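Report on the following structure.
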Amino acid sequence: MLHRNAIRAYHEAEQEFLVDGADSHGLVEILFNELIASLSIAKKGLASADLATKSSGVSKALTIIHVLATSLDFDKGGEVAVSLAQLYEWSRRRIIEASRDNVIAGIEEVLHAISEIAEAWRTIALRPA
């Protein structure tokens with residue numbers, strides 16, 4: 001038990017360090033990484049019929065999607081922001097349906113779409129200014 005608490009505390013400290021040192025682009029990248037991890041946890045829970053694991057992954061994924069959606073800047077982002085808002089809404093609905101109906105394919109669809117967006121986001125950071 002103490003071992004698990006120590007690992008959890010280390011992970012939380014590591015996340016705080018990453019967030020404290022990140023710019024806005026880096027924060028979004030962290031959110032994408034956490035979203036992908038949460039979707040993977042939900043998928044694992046669905047595959048093993050582990051309700052607690054599924055619920056944990058789904059809950060965290062939905063929270064992250066909400067944060068991403070509410071952080072969009074429609075004035076600066078224009079059509080890209082609108083497209084992302086639509087993607088986030090589709091993802092939210094698809095995750096809820098997949099969780100309700102216990103369908104792994106729905107989680108996989110969202111995982112695939114978000115992974116593509118996350119990869120595109122990472123490549124933006126690699127471009128020279």
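Ordered as shown in the structure tokens, chains take letters A, B, and onward, while each chain numbers its residues from 1 and ligands are numbered from 1 in the order shown.
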
Report the closest atom pair, with its distance in Å rounded to one decimal, for each residue of region 23-46 of chain A that has an atom no farther than 10 Å from region 59-67 of chain A; count only C-alpha atoms, sort by chain and then rising residue number, and write it as CSV.
```
residue,atom,partner,partner_atom,distance
A:Val28,CA,A:Val67,CA,9.6
A:Leu31,CA,A:Ile64,CA,6.5
A:Phe32,CA,A:Ile64,CA,8.2
A:Glu34,CA,A:Ile64,CA,7.8
A:Leu35,CA,A:Ala61,CA,5.3
A:Ile36,CA,A:Ala61,CA,8.0
A:Ala37,CA,A:Ala61,CA,8.5
A:Ser38,CA,A:Ala61,CA,5.4
A:Leu39,CA,A:Ala61,CA,6.2
A:Ser40,CA,A:Ala61,CA,9.6
A:Ile41,CA,A:Ala61,CA,9.4
A:Ala42,CA,A:Ala61,CA,8.5
```

I need the chosen residues saved as a PDB file, in the first residue's frame, with C-alpha atoms.
```
ATOM      1  CA  VAL A  28      -2.264  21.253 -24.835  1.00  0.00           C
ATOM      2  CA  LEU A  31      -3.677  17.242 -22.308  1.00  0.00           C
ATOM      3  CA  PHE A  32      -3.577  15.244 -25.540  1.00  0.00           C
ATOM      4  CA  GLU A  34      -3.345  12.371 -20.914  1.00  0.00           C
ATOM      5  CA  LEU A  35      -6.459  12.032 -23.089  1.00  0.00           C
ATOM      6  CA  ILE A  36      -4.842   9.243 -25.107  1.00  0.00           C
ATOM      7  CA  ALA A  37      -3.792   7.503 -21.885  1.00  0.00           C
ATOM      8  CA  SER A  38      -7.302   7.851 -20.434  1.00  0.00           C
ATOM      9  CA  LEU A  39      -8.909   6.452 -23.569  1.00  0.00           C
ATOM     10  CA  SER A  40      -6.497   3.521 -23.438  1.00  0.00           C
ATOM     11  CA  ILE A  41      -7.497   2.890 -19.815  1.00  0.00           C
ATOM     12  CA  ALA A  42     -11.193   3.019 -20.755  1.00  0.00           C
TER      13      ALA A  42
END
```

Looking at only C-alpha atoms, which of A:Ser91, A:Thr123, A:Ser83, A:Thr70 is the one that sits closest to His25 (chain A)?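 Among A:Ser91, A:Thr123, A:Ser83, A:Thr70, it is A:Thr123 that comes nearest to His25 (chain A).
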
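Here CA of Ala49 (chain A) stands at a distance of 16.1 Å from CA of Ile96 (chain A).
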